[in-house]
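Data from final-v2.cif: mmCIF, C-alpha atoms and all ligand atoms
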```
data_work
loop_
_atom_site.label_atom_id
_atom_site.label_comp_id
_atom_site.auth_asym_id
_atom_site.auth_seq_id
_atom_site.Cartn_x
_atom_site.Cartn_y
_atom_site.Cartn_z
CA MET A 26 -23.85 -30.58 18.36
CA SER A 27 -23.00 -29.24 14.94
CA ALA A 28 -22.11 -25.57 14.97
CA LYS A 29 -24.08 -22.95 13.08
CA LEU A 30 -22.04 -21.12 10.46
CA ILE A 31 -21.11 -17.48 10.91
CA ASP A 32 -21.57 -16.04 7.43
CA GLY A 33 -18.91 -13.34 7.13
CA LYS A 34 -19.63 -12.86 3.46
CA LYS A 35 -23.23 -11.92 4.17
CA VAL A 36 -22.44 -9.62 7.11
CA ALA A 37 -19.63 -7.95 5.14
CA GLU A 38 -22.05 -7.26 2.30
CA LEU A 39 -24.44 -5.58 4.75
CA LEU A 40 -21.61 -3.44 6.13
CA ARG A 41 -20.44 -2.55 2.66
CA LYS A 42 -23.93 -1.43 1.76
CA GLN A 43 -23.93 0.86 4.81
CA VAL A 44 -20.57 2.31 3.76
CA ARG A 45 -21.78 2.71 0.15
CA ASP A 46 -24.85 4.65 1.36
CA ASP A 47 -22.66 6.76 3.67
CA VAL A 48 -20.21 7.52 0.85
CA ASP A 49 -23.09 8.50 -1.44
CA PHE A 50 -24.42 10.81 1.24
CA TRP A 51 -20.91 12.21 1.86
CA VAL A 52 -20.38 13.14 -1.79
CA SER A 53 -23.97 14.25 -2.41
CA ASP A 54 -23.22 17.83 -1.40
CA GLY A 55 -20.15 18.27 -3.51
CA ARG A 56 -17.42 16.70 -1.37
CA ARG A 57 -14.79 14.61 -3.12
CA ARG A 58 -14.86 10.82 -2.77
CA PRO A 59 -12.69 9.22 -0.07
CA PHE A 60 -9.34 8.03 -1.44
CA LEU A 61 -7.30 5.01 -0.34
CA GLN A 62 -3.67 4.70 -1.44
CA VAL A 63 -2.38 1.12 -1.43
CA ILE A 64 1.31 0.27 -1.56
CA GLN A 65 2.63 -3.16 -2.50
CA VAL A 66 6.33 -3.90 -2.24
CA GLY A 67 7.38 -6.94 -4.26
CA THR A 68 5.17 -9.49 -5.99
CA ASP A 69 4.02 -11.87 -3.24
CA PRO A 70 0.98 -13.64 -4.81
CA GLY A 71 -0.94 -13.67 -1.51
CA SER A 72 -0.50 -9.90 -1.19
CA THR A 73 -1.59 -9.41 -4.80
CA THR A 74 -4.80 -11.37 -4.09
CA TYR A 75 -5.57 -9.40 -0.91
CA ILE A 76 -4.93 -6.08 -2.64
CA ARG A 77 -7.22 -7.06 -5.50
CA ALA A 78 -10.00 -7.81 -2.99
CA LYS A 79 -9.43 -4.46 -1.26
CA THR A 80 -9.40 -2.34 -4.43
CA ARG A 81 -12.50 -4.13 -5.77
CA ALA A 82 -14.28 -3.41 -2.50
CA CYS A 83 -13.31 0.26 -2.87
CA GLU A 84 -14.87 0.35 -6.34
CA ASP A 85 -17.95 -1.37 -4.97
CA VAL A 86 -18.56 1.23 -2.23
CA GLY A 87 -17.48 4.28 -4.25
CA ILE A 88 -14.09 4.90 -2.63
CA GLU A 89 -11.36 5.95 -5.04
CA THR A 90 -8.09 4.09 -4.91
CA GLY A 91 -4.60 3.95 -6.34
CA THR A 92 -2.03 1.19 -6.05
CA ASP A 93 1.74 1.62 -6.16
CA ARG A 94 3.57 -1.57 -7.06
CA LEU A 95 7.15 -1.07 -5.96
CA PRO A 96 10.16 -3.33 -6.57
CA ASP A 97 11.26 -5.53 -3.67
CA THR A 98 14.70 -3.93 -3.94
CA ILE A 99 13.38 -0.52 -2.84
CA SER A 100 15.27 1.01 0.08
CA ALA A 101 13.59 2.04 3.33
CA ARG A 102 14.54 5.63 2.55
CA GLU A 103 12.86 5.59 -0.87
CA LEU A 104 9.74 3.86 0.45
CA LYS A 105 9.35 6.30 3.34
CA GLN A 106 9.81 9.21 0.98
CA ILE A 107 6.89 7.94 -1.11
CA ILE A 108 4.79 7.51 2.03
CA ARG A 109 5.64 11.04 3.19
CA GLY A 110 4.37 12.32 -0.17
CA TYR A 111 0.99 10.71 0.55
CA ASN A 112 1.03 11.94 4.15
CA THR A 113 1.07 15.52 2.91
CA ASN A 114 -1.25 14.97 -0.06
CA ASP A 115 -4.68 16.35 0.92
CA LYS A 116 -6.41 14.17 -1.65
CA VAL A 117 -5.27 10.97 0.09
CA ASP A 118 -7.37 9.95 3.10
CA GLY A 119 -6.02 6.48 3.85
CA ILE A 120 -2.65 4.82 3.29
CA LEU A 121 -2.22 1.05 3.40
CA VAL A 122 1.15 -0.68 3.06
CA GLN A 123 0.44 -4.36 2.44
CA LEU A 124 2.37 -6.67 4.76
CA PRO A 125 4.56 -8.64 4.88
CA LEU A 126 7.40 -6.50 3.56
CA PRO A 127 10.65 -7.91 2.14
CA SER A 128 13.03 -8.85 4.96
CA HIS A 129 15.40 -5.88 4.48
CA LEU A 130 12.57 -3.49 5.40
CA SER A 131 11.37 -3.03 8.97
CA SER A 132 7.57 -3.07 9.03
CA HIS A 133 7.63 -1.12 12.34
CA ASP A 134 9.73 1.60 10.81
CA VAL A 135 7.61 1.78 7.66
CA ILE A 136 4.27 1.78 9.54
CA GLU A 137 5.52 4.51 11.86
CA SER A 138 6.30 6.69 8.85
CA ILE A 139 2.59 6.73 7.89
CA ASP A 140 0.66 9.71 9.27
CA TYR A 141 -1.41 8.07 12.03
CA ARG A 142 -4.43 10.08 10.89
CA LYS A 143 -4.28 8.16 7.58
CA ASP A 144 -3.42 4.76 9.09
CA VAL A 145 -6.66 2.98 8.13
CA ASP A 146 -5.13 -0.42 9.02
CA GLY A 147 -4.87 0.74 12.64
CA PHE A 148 -1.28 -0.52 12.90
CA HIS A 149 0.48 2.74 13.84
CA PRO A 150 1.66 2.82 17.49
CA MET A 151 -0.48 5.94 18.03
CA ASN A 152 -3.62 4.02 17.04
CA VAL A 153 -2.62 0.85 18.90
CA GLY A 154 -1.85 2.98 21.96
CA ARG A 155 -5.24 4.67 21.81
CA LEU A 156 -6.86 1.24 21.52
CA THR A 157 -5.17 0.09 24.70
CA VAL A 158 -6.52 3.10 26.62
CA ASP A 159 -9.99 2.75 25.09
CA GLN A 160 -9.88 5.95 23.06
CA PRO A 161 -11.53 6.35 19.62
CA THR A 162 -9.05 5.19 17.01
CA PHE A 163 -8.66 3.36 13.74
CA ARG A 164 -9.20 -0.16 15.01
CA SER A 165 -7.30 -2.94 13.32
CA CYS A 166 -9.66 -4.27 10.63
CA THR A 167 -9.73 -8.01 11.39
CA PRO A 168 -10.48 -7.75 15.15
CA ALA A 169 -12.96 -4.94 14.49
CA GLY A 170 -14.65 -7.17 11.88
CA ILE A 171 -14.85 -10.05 14.38
CA PHE A 172 -16.61 -7.75 16.85
CA GLU A 173 -19.13 -6.89 14.10
CA LEU A 174 -19.79 -10.63 13.71
CA PHE A 175 -20.40 -11.00 17.46
CA LYS A 176 -22.82 -8.08 17.26
CA HIS A 177 -24.66 -9.36 14.20
CA TYR A 178 -25.19 -12.85 15.64
CA SER A 179 -25.86 -11.54 19.19
CA ILE A 180 -22.96 -13.61 20.52
CA PRO A 181 -22.27 -12.44 24.08
CA VAL A 182 -18.72 -11.42 24.95
CA LYS A 183 -19.05 -9.72 28.34
CA SER A 184 -17.78 -11.86 31.23
CA LYS A 185 -16.97 -14.79 28.92
CA HIS A 186 -13.60 -16.50 28.83
CA ALA A 187 -12.04 -15.51 25.51
CA VAL A 188 -8.91 -17.33 24.38
CA VAL A 189 -6.84 -15.85 21.56
CA VAL A 190 -4.33 -18.14 19.89
CA GLY A 191 -1.65 -16.08 18.14
CA ALA A 192 -0.12 -12.78 19.25
CA SER A 193 0.57 -10.97 15.98
CA ASN A 194 0.37 -7.18 15.75
CA ILE A 195 -2.20 -7.53 12.96
CA VAL A 196 -4.75 -9.78 14.67
CA GLY A 197 -3.95 -11.60 17.94
CA SER A 198 -2.64 -8.71 19.97
CA PRO A 199 -5.28 -6.06 19.07
CA MET A 200 -7.97 -8.75 19.35
CA ALA A 201 -6.88 -9.56 22.90
CA ILE A 202 -6.78 -5.86 23.80
CA MET A 203 -10.30 -5.32 22.46
CA LEU A 204 -11.66 -8.40 24.20
CA SER A 205 -10.14 -7.52 27.53
CA ARG A 206 -11.00 -3.82 27.80
CA GLU A 207 -13.58 -3.10 30.44
CA ASN A 208 -15.14 -0.09 28.79
CA SER A 209 -16.08 0.18 25.16
CA THR A 210 -15.45 -3.25 23.72
CA GLY A 211 -15.01 -6.71 25.15
CA LYS A 212 -15.31 -6.95 28.94
CA ALA A 213 -14.20 -10.58 28.56
CA THR A 214 -11.71 -12.45 30.70
CA THR A 215 -8.97 -12.92 28.15
CA THR A 216 -6.14 -15.38 27.71
CA ILE A 217 -3.58 -14.91 24.95
CA CYS A 218 -1.62 -17.93 23.75
CA HIS A 219 1.36 -17.99 21.41
CA LYS A 220 4.15 -20.23 20.25
CA PHE A 221 5.75 -20.34 23.70
CA THR A 222 2.53 -21.41 25.43
CA LYS A 223 2.95 -24.74 27.19
CA ASP A 224 0.01 -27.11 26.89
CA LEU A 225 -2.23 -25.15 24.52
CA THR A 226 -5.17 -27.47 25.19
CA GLN A 227 -5.23 -26.54 28.87
CA HIS A 228 -6.27 -23.04 27.73
CA THR A 229 -8.38 -23.75 24.64
CA ILE A 230 -10.51 -26.33 26.47
CA SER A 231 -11.83 -23.68 28.86
CA ALA A 232 -12.66 -21.09 26.17
CA ASP A 233 -16.20 -19.79 25.67
CA LEU A 234 -14.87 -17.80 22.71
CA LEU A 235 -11.88 -19.12 20.81
CA ILE A 236 -10.15 -16.86 18.30
CA VAL A 237 -7.45 -18.62 16.34
CA ALA A 238 -4.94 -16.58 14.35
CA ALA A 239 -1.79 -18.65 14.30
CA GLY A 240 -1.33 -19.39 10.59
CA GLN A 241 -1.07 -23.14 11.15
CA PRO A 242 -3.50 -25.54 9.48
CA ASN A 243 -5.23 -28.04 11.83
CA LEU A 244 -3.68 -26.51 14.94
CA ILE A 245 -6.99 -26.75 16.84
CA LYS A 246 -8.78 -30.10 16.84
CA GLY A 247 -12.14 -31.13 18.25
CA GLU A 248 -10.69 -32.66 21.40
CA MET A 249 -9.08 -29.32 22.31
CA VAL A 250 -12.38 -27.42 22.74
CA ARG A 251 -15.42 -27.76 24.94
CA GLU A 252 -19.06 -28.24 23.90
CA GLY A 253 -20.75 -25.00 22.90
CA VAL A 254 -17.62 -22.93 22.23
CA VAL A 255 -17.81 -20.10 19.67
CA VAL A 256 -14.91 -20.47 17.24
CA ILE A 257 -13.51 -17.68 15.09
CA ASP A 258 -10.94 -19.07 12.67
CA VAL A 259 -8.78 -16.29 11.25
CA GLY A 260 -6.29 -18.59 9.51
CA ILE A 261 -6.10 -18.63 5.71
CA ASN A 262 -3.64 -21.35 4.72
CA ARG A 263 -2.98 -22.77 1.28
CA VAL A 264 -2.70 -26.56 1.36
CA ALA A 265 -2.05 -28.85 -1.62
CA ASP A 266 -5.21 -30.24 -3.22
CA GLU A 267 -4.93 -32.28 -6.40
CA THR A 268 -8.67 -32.22 -6.94
CA SER A 269 -8.71 -28.44 -7.29
CA GLU A 270 -7.82 -26.69 -10.56
CA LYS A 271 -5.41 -24.37 -8.76
CA GLY A 272 -3.64 -27.29 -7.08
CA TYR A 273 -4.39 -25.95 -3.60
CA LYS A 274 -7.30 -25.15 -1.31
CA LEU A 275 -7.73 -22.64 1.50
CA VAL A 276 -8.13 -23.94 5.04
CA GLY A 277 -8.17 -22.24 8.43
CA ASP A 278 -6.22 -23.01 11.60
CA CYS A 279 -8.91 -25.38 12.91
CA HIS A 280 -9.67 -28.93 11.89
CA PHE A 281 -13.10 -27.82 10.71
CA GLU A 282 -15.11 -31.07 10.91
CA SER A 283 -14.05 -32.13 14.40
CA VAL A 284 -14.24 -28.60 15.87
CA ARG A 285 -17.65 -28.01 14.29
CA GLU A 286 -18.98 -31.12 16.07
CA LYS A 287 -18.36 -29.45 19.45
CA ALA A 288 -18.90 -25.75 18.73
CA SER A 289 -22.12 -23.74 18.83
CA TRP A 290 -20.92 -21.23 16.22
CA ILE A 291 -17.98 -21.36 13.81
CA THR A 292 -16.60 -19.26 10.96
CA PRO A 293 -15.88 -21.11 7.71
CA VAL A 294 -12.68 -20.58 5.72
CA PRO A 295 -13.05 -19.00 3.22
CA GLY A 296 -16.13 -16.83 3.73
CA GLY A 297 -15.78 -16.17 7.47
CA VAL A 298 -13.45 -13.48 8.77
CA GLY A 299 -11.72 -12.53 5.48
CA PRO A 300 -14.56 -10.50 3.92
CA MET A 301 -15.06 -8.68 7.25
CA THR A 302 -11.47 -7.39 7.24
CA VAL A 303 -12.05 -5.80 3.85
CA ALA A 304 -15.40 -4.31 4.88
CA MET A 305 -13.85 -2.73 7.99
CA LEU A 306 -11.09 -1.23 5.85
CA MET A 307 -13.80 0.51 3.82
CA LYS A 308 -15.34 1.81 7.04
CA ASN A 309 -12.00 3.09 8.34
CA THR A 310 -11.24 4.83 5.03
CA LEU A 311 -14.56 6.65 5.19
CA LEU A 312 -13.82 7.63 8.81
CA ALA A 313 -10.45 8.98 7.70
CA ALA A 314 -12.11 11.07 4.97
CA LYS A 315 -14.65 12.40 7.45
CA LYS A 316 -11.80 13.10 9.87
CA SER A 317 -14.11 11.89 12.57
CA ILE A 318 -11.37 10.32 14.70
CA TYR A 319 -8.71 12.98 14.28
CA PRO A 320 -10.51 16.22 13.36
CA GLU A 321 -8.46 18.97 11.82
CA GLU A 322 -7.13 21.50 14.28
CA SER A 323 -8.85 24.83 13.92
N1 LIG R 1 -1.25 -8.49 5.58
C1 LIG R 1 -2.13 -9.39 6.08
N2 LIG R 1 -3.23 -8.77 6.58
C2 LIG R 1 -3.04 -7.45 6.39
C3 LIG R 1 -3.83 -6.31 6.69
O1 LIG R 1 -4.92 -6.37 7.26
N3 LIG R 1 -3.28 -5.11 6.32
C4 LIG R 1 -2.06 -5.01 5.72
N4 LIG R 1 -1.61 -3.79 5.42
N5 LIG R 1 -1.31 -6.06 5.44
C5 LIG R 1 -1.80 -7.27 5.76
#
```
When written as structure tokens, how does the structure in this file appear?
Ligand code: GUN
Amino acid sequence: MSAKLIDGKKVAELLRKQVRDDVDFWVSDGRRRPFLQVIQVGTDPGSTTYIRAKTRACEDVGIETGTDRLPDTISARELKQIIRGYNTNDKVDGILVQLPLPSHLSSHDVIESIDYRKDVDGFHPMNVGRLTVDQPTFRSCTPAGIFELFKHYSIPVKSKHAVVVGASNIVGSPMAIMLSRENSTGKATTTICHKFTKDLTQHTISADLLIVAAGQPNLIKGEMVREGVVVIDVGINRVADETSEKGYKLVGDCHFESVREKASWITPVPGGVGPMTVAMLMKNTLLAAKKSIYPEES
């Protein structure tokens, strides 16, 4: 078997078109455009690249955006003061603090200082908590984007064995929650693996759906999966490549060729999950502007 490719770029473009049409409709009777405030602390090149992709997507769908580039020496107090300013600014619908933060700053503390009604990343404990009890919420963009891929390609999730490799707050953990819930989302039997898991293969080999978000190139090889598995590779790793102009190439967490031989569906890297994360951020920002998750109290 050679897996069919899940084209995240194409599906993301469809979603972005929907958001663009929705934004046009939203502003057509005189409402202001949704506004996303992005905050970057420090100059991490990976973060700069992601932020560029996010702000370009905003321009593409008609969402206004501003980016604060703050020095990596900023104190937690100063950063939270800036965030509080956006919390109370009625013109700001969504606030995104790009992670990771410099080591002297606690990402938990900083995320918790964002008004949960503007937390379009879905990282605030209020939104994560609502996710765990199956309440409407800002769903973390990468897992939400993966569910859109399942929907688009009619990949069944209910009653399947889903194995998530990686337990980060950004992807692995919310992904496992969404897969395992019995009501609105997954309905899958879900296993979550992480760096303390003994004998990873014992789990991955029985997966119908394998979601890998460990940040480790070539972690999953063909012999670790069964025939027909659906593989979602969330990893984006830079590895040295002398043949490329940049001196590196992007690879996922799976050994693509050997895993593709066994799988029925697989996401490529790049062009798989990445564009979906950005598209879902656009969707969440529009939801925040519409106040459809947390309506204003009357
Ligand atoms: N760093 C890596 N992925 C993300 C993301 O989805 N949102 C934010 N804020 N930071 C990230």
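Atom pair CA of His186 in chain A / CA of Ser289 in chain A has a distance of 15.0 Å (rounded to one decimal).
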Taken to one decimal, the CA of Lys34 in chain A-CA of Lys316 in chain A distance is 27.9 Å
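Of the residues under consideration (A:His133, A:Lys116, A:Arg56, A:Arg102), A:His133 shows the shortest atom-to-atom contact distance to ligand LIG 1 (chain R) when counting only C-alpha atoms and all ligand atoms.
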List the spatial neighbours of Thr302 in chain A as a list in words - criterion: any atom at most 8 Å away, all atoms listed in the file, same-chain residues fewer than 4 positions off excluded.
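Contacts, in chain order: Cys166, Thr167, Pro168, Ala169, Gly170, Val298 and Leu306 of chain A.
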Can those selected residues be exported to a file as a tab-separated table (two decimals), in the frame of the given file so that it contains C-alpha atoms?
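See selection_24.tsv below for the written result:
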```tsv
chain	number	residue	atom	x	y	z
A	166	CYS	CA	-9.66	-4.27	10.63
A	167	THR	CA	-9.73	-8.01	11.39
A	168	PRO	CA	-10.48	-7.75	15.15
A	169	ALA	CA	-12.96	-4.94	14.49
A	170	GLY	CA	-14.65	-7.17	11.88
A	298	VAL	CA	-13.45	-13.48	8.77
A	306	LEU	CA	-11.09	-1.23	5.85
```
With ligand LIG 1 (chain R) as the partner and 6 Å as the cut-off, tabulate the residues of chain A that qualify, each row holding the nearest pair of atoms and their distance in Å to one decimal, using all atoms listed in the file, sorted by chain and rising number, as a Markdown table.
```
| residue | atom | partner | partner_atom | distance |
| --- | --- | --- | --- | --- |
| A:Leu121 | CA | R:LIG1 | N4 | 5.3 |
| A:Val122 | CA | R:LIG1 | N4 | 4.8 |
| A:Gln123 | CA | R:LIG1 | N4 | 3.7 |
| A:Leu124 | CA | R:LIG1 | N5 | 3.8 |
| A:Pro125 | CA | R:LIG1 | N1 | 5.9 |
| A:Asp146 | CA | R:LIG1 | N3 | 5.7 |
```
Using only C-alpha atoms, the residue out of A:Leu244, A:Val188, A:Leu275, A:Val66 with shortest distance to Ala232 in chain A is A:Val188
Taking all listed atoms of range 224-236 of chain A, build the axis-aligned box, pad each of the six sides by 8 Å, then write its centre and edge lengths in Å to one decimal as AutoDock Vina command-line options.
```
--center_x -8.1 --center_y -22.2 --center_z 23.6 --size_x 32.2 --size_y 26.6 --size_z 26.6
```
message: Taking 3 positions as the minimum chain separation for residues in the same chain, which residues sit within 8 Å of range 255-258 of chain A when counting all atoms listed in the file? Answer as a VMD selection string.
response: chain A and resid 171 233 to 238 277 to 279 288 to 294 297 to 298
Would you mind listing what lies within 9 Å of range 157-164 of chain A as a compact mmCIF listing (two decimals) with C-alpha atoms, keeping the file's coordinate frame, with all atoms listed in the file counted and same-chain residues fewer than 5 positions away left out?
```txt
# COMPACT_ATOMS: atom_id res chain seq x y z
CA TYR A 141 -1.41 8.07 12.03
CA ARG A 142 -4.43 10.08 10.89
CA LYS A 143 -4.28 8.16 7.58
CA ASP A 144 -3.42 4.76 9.09
CA VAL A 145 -6.66 2.98 8.13
CA ASP A 146 -5.13 -0.42 9.02
CA GLY A 147 -4.87 0.74 12.64
CA PHE A 148 -1.28 -0.52 12.90
CA MET A 151 -0.48 5.94 18.03
CA ASN A 152 -3.62 4.02 17.04
CA ALA A 169 -12.96 -4.94 14.49
CA PRO A 199 -5.28 -6.06 19.07
CA ILE A 202 -6.78 -5.86 23.80
CA MET A 203 -10.30 -5.32 22.46
CA ARG A 206 -11.00 -3.82 27.80
CA GLU A 207 -13.58 -3.10 30.44
CA ASN A 208 -15.14 -0.09 28.79
CA SER A 209 -16.08 0.18 25.16
CA THR A 210 -15.45 -3.25 23.72
CA MET A 305 -13.85 -2.73 7.99
CA ASN A 309 -12.00 3.09 8.34
CA LEU A 312 -13.82 7.63 8.81
CA ALA A 313 -10.45 8.98 7.70
CA ILE A 318 -11.37 10.32 14.70
CA TYR A 319 -8.71 12.98 14.28
```
Query raised in the report: From the list A:Pro127, A:Gly55, A:Gly260, A:Gly211, which residue is nearest Asp69 in chain A when using all atoms listed in the file?
Result: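 Among the listed residues, the smallest separation from Asp69 in chain A belongs to A:Pro127.
The spacing separating CA of Thr90 in chain A from CA of Thr73 in chain A amounts to 15.0 Å.
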* Spatial neighbours of Phe221 in chain A, 12 Å, all atoms listed in the file, chain gap at least 3 places, as a list of chain:residue names -> A:Val190, A:Gly191, A:Ala192, A:Ile217, A:Cys218, A:Asp224, A:Leu225
Considering all atoms listed in the file, can you say which of A:Lys176, A:Arg81, A:Arg285, A:Lys246 comes closest to Leu30 in chain A?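 With all atoms listed in the file as the atom set, the closest residue is A:Arg285.
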Exercise: Thr310 in chain A partners within 7 Å, all atoms listed in the file, chain neighbours under 4 positions left out, as a tab-separated table (two decimals) with C-alpha atoms, in the coordinates of the input:
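Done, and the output landed in result.tsv:
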```tsv
chain	number	residue	atom	x	y	z
A	59	PRO	CA	-12.69	9.22	-0.07
A	61	LEU	CA	-7.30	5.01	-0.34
A	118	ASP	CA	-7.37	9.95	3.10
A	119	GLY	CA	-6.02	6.48	3.85
A	145	VAL	CA	-6.66	2.98	8.13
A	306	LEU	CA	-11.09	-1.23	5.85
A	314	ALA	CA	-12.11	11.07	4.97
```
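Each of A:Ser27, A:Thr229, A:Gln106, A:Asn114 was compared to Ser138 in chain A using all atoms listed in the file, and A:Gln106 turns out to be the nearest.
Among the candidates A:Val63, A:Val284, A:Val86, A:Val250, the residue lying nearest to Ala37 in chain A is A:Val86 (atoms considered: only C-alpha atoms).
At a cut-off of 7 Å from (-3.3, -25.5, 1.2), the residue set is Asn262, Arg263, Val264, Ala265, Asp266, Tyr273, Lys274, Leu275 and Val276 of chain A (counting all atoms listed in the file).
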With the input short on atoms, add N, CA and C atoms back to range 231-247 of chain A and write it as a CSV table (one decimal), keeping the file's coordinate frame.
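Dumped everything to part.csv:
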```csv
chain,number,residue,atom,x,y,z
A,231,SER,N,-11.0,-24.4,28.0
A,231,SER,CA,-11.8,-23.7,28.9
A,231,SER,C,-12.4,-22.4,28.2
A,232,ALA,N,-12.2,-22.3,26.9
A,232,ALA,CA,-12.7,-21.1,26.2
A,232,ALA,C,-14.2,-21.1,25.9
A,233,ASP,N,-14.8,-20.0,26.2
A,233,ASP,CA,-16.2,-19.8,25.7
A,233,ASP,C,-16.1,-19.2,24.2
A,234,LEU,N,-15.1,-18.4,24.0
A,234,LEU,CA,-14.9,-17.8,22.7
A,234,LEU,C,-13.4,-18.2,22.4
A,235,LEU,N,-13.2,-18.7,21.2
A,235,LEU,CA,-11.9,-19.1,20.8
A,235,LEU,C,-11.6,-18.4,19.5
A,236,ILE,N,-10.5,-17.6,19.5
A,236,ILE,CA,-10.2,-16.9,18.3
A,236,ILE,C,-8.8,-17.4,17.9
A,237,VAL,N,-8.7,-18.0,16.7
A,237,VAL,CA,-7.4,-18.6,16.3
A,237,VAL,C,-6.8,-17.9,15.2
A,238,ALA,N,-5.6,-17.3,15.4
A,238,ALA,CA,-4.9,-16.6,14.4
A,238,ALA,C,-3.5,-16.9,14.4
A,239,ALA,N,-3.2,-18.2,14.1
A,239,ALA,CA,-1.8,-18.6,14.3
A,239,ALA,C,-1.1,-19.0,13.0
A,240,GLY,N,-1.9,-19.1,11.9
A,240,GLY,CA,-1.3,-19.4,10.6
A,240,GLY,C,-0.8,-20.8,10.5
A,241,GLN,N,-1.5,-21.7,11.1
A,241,GLN,CA,-1.1,-23.1,11.2
A,241,GLN,C,-2.3,-24.1,10.9
A,242,PRO,N,-2.3,-24.7,9.7
A,242,PRO,CA,-3.5,-25.5,9.5
A,242,PRO,C,-3.7,-26.6,10.5
A,243,ASN,N,-4.9,-26.9,10.9
A,243,ASN,CA,-5.2,-28.0,11.8
A,243,ASN,C,-4.6,-27.9,13.2
A,244,LEU,N,-4.3,-26.7,13.6
A,244,LEU,CA,-3.7,-26.5,14.9
A,244,LEU,C,-4.7,-26.9,16.0
A,245,ILE,N,-6.0,-26.5,15.8
A,245,ILE,CA,-7.0,-26.8,16.8
A,245,ILE,C,-7.9,-27.9,16.4
A,246,LYS,N,-8.0,-28.9,17.2
A,246,LYS,CA,-8.8,-30.1,16.8
A,246,LYS,C,-9.9,-30.2,17.8
A,247,GLY,N,-10.9,-31.0,17.4
A,247,GLY,CA,-12.1,-31.1,18.2
A,247,GLY,C,-11.9,-31.4,19.7
```
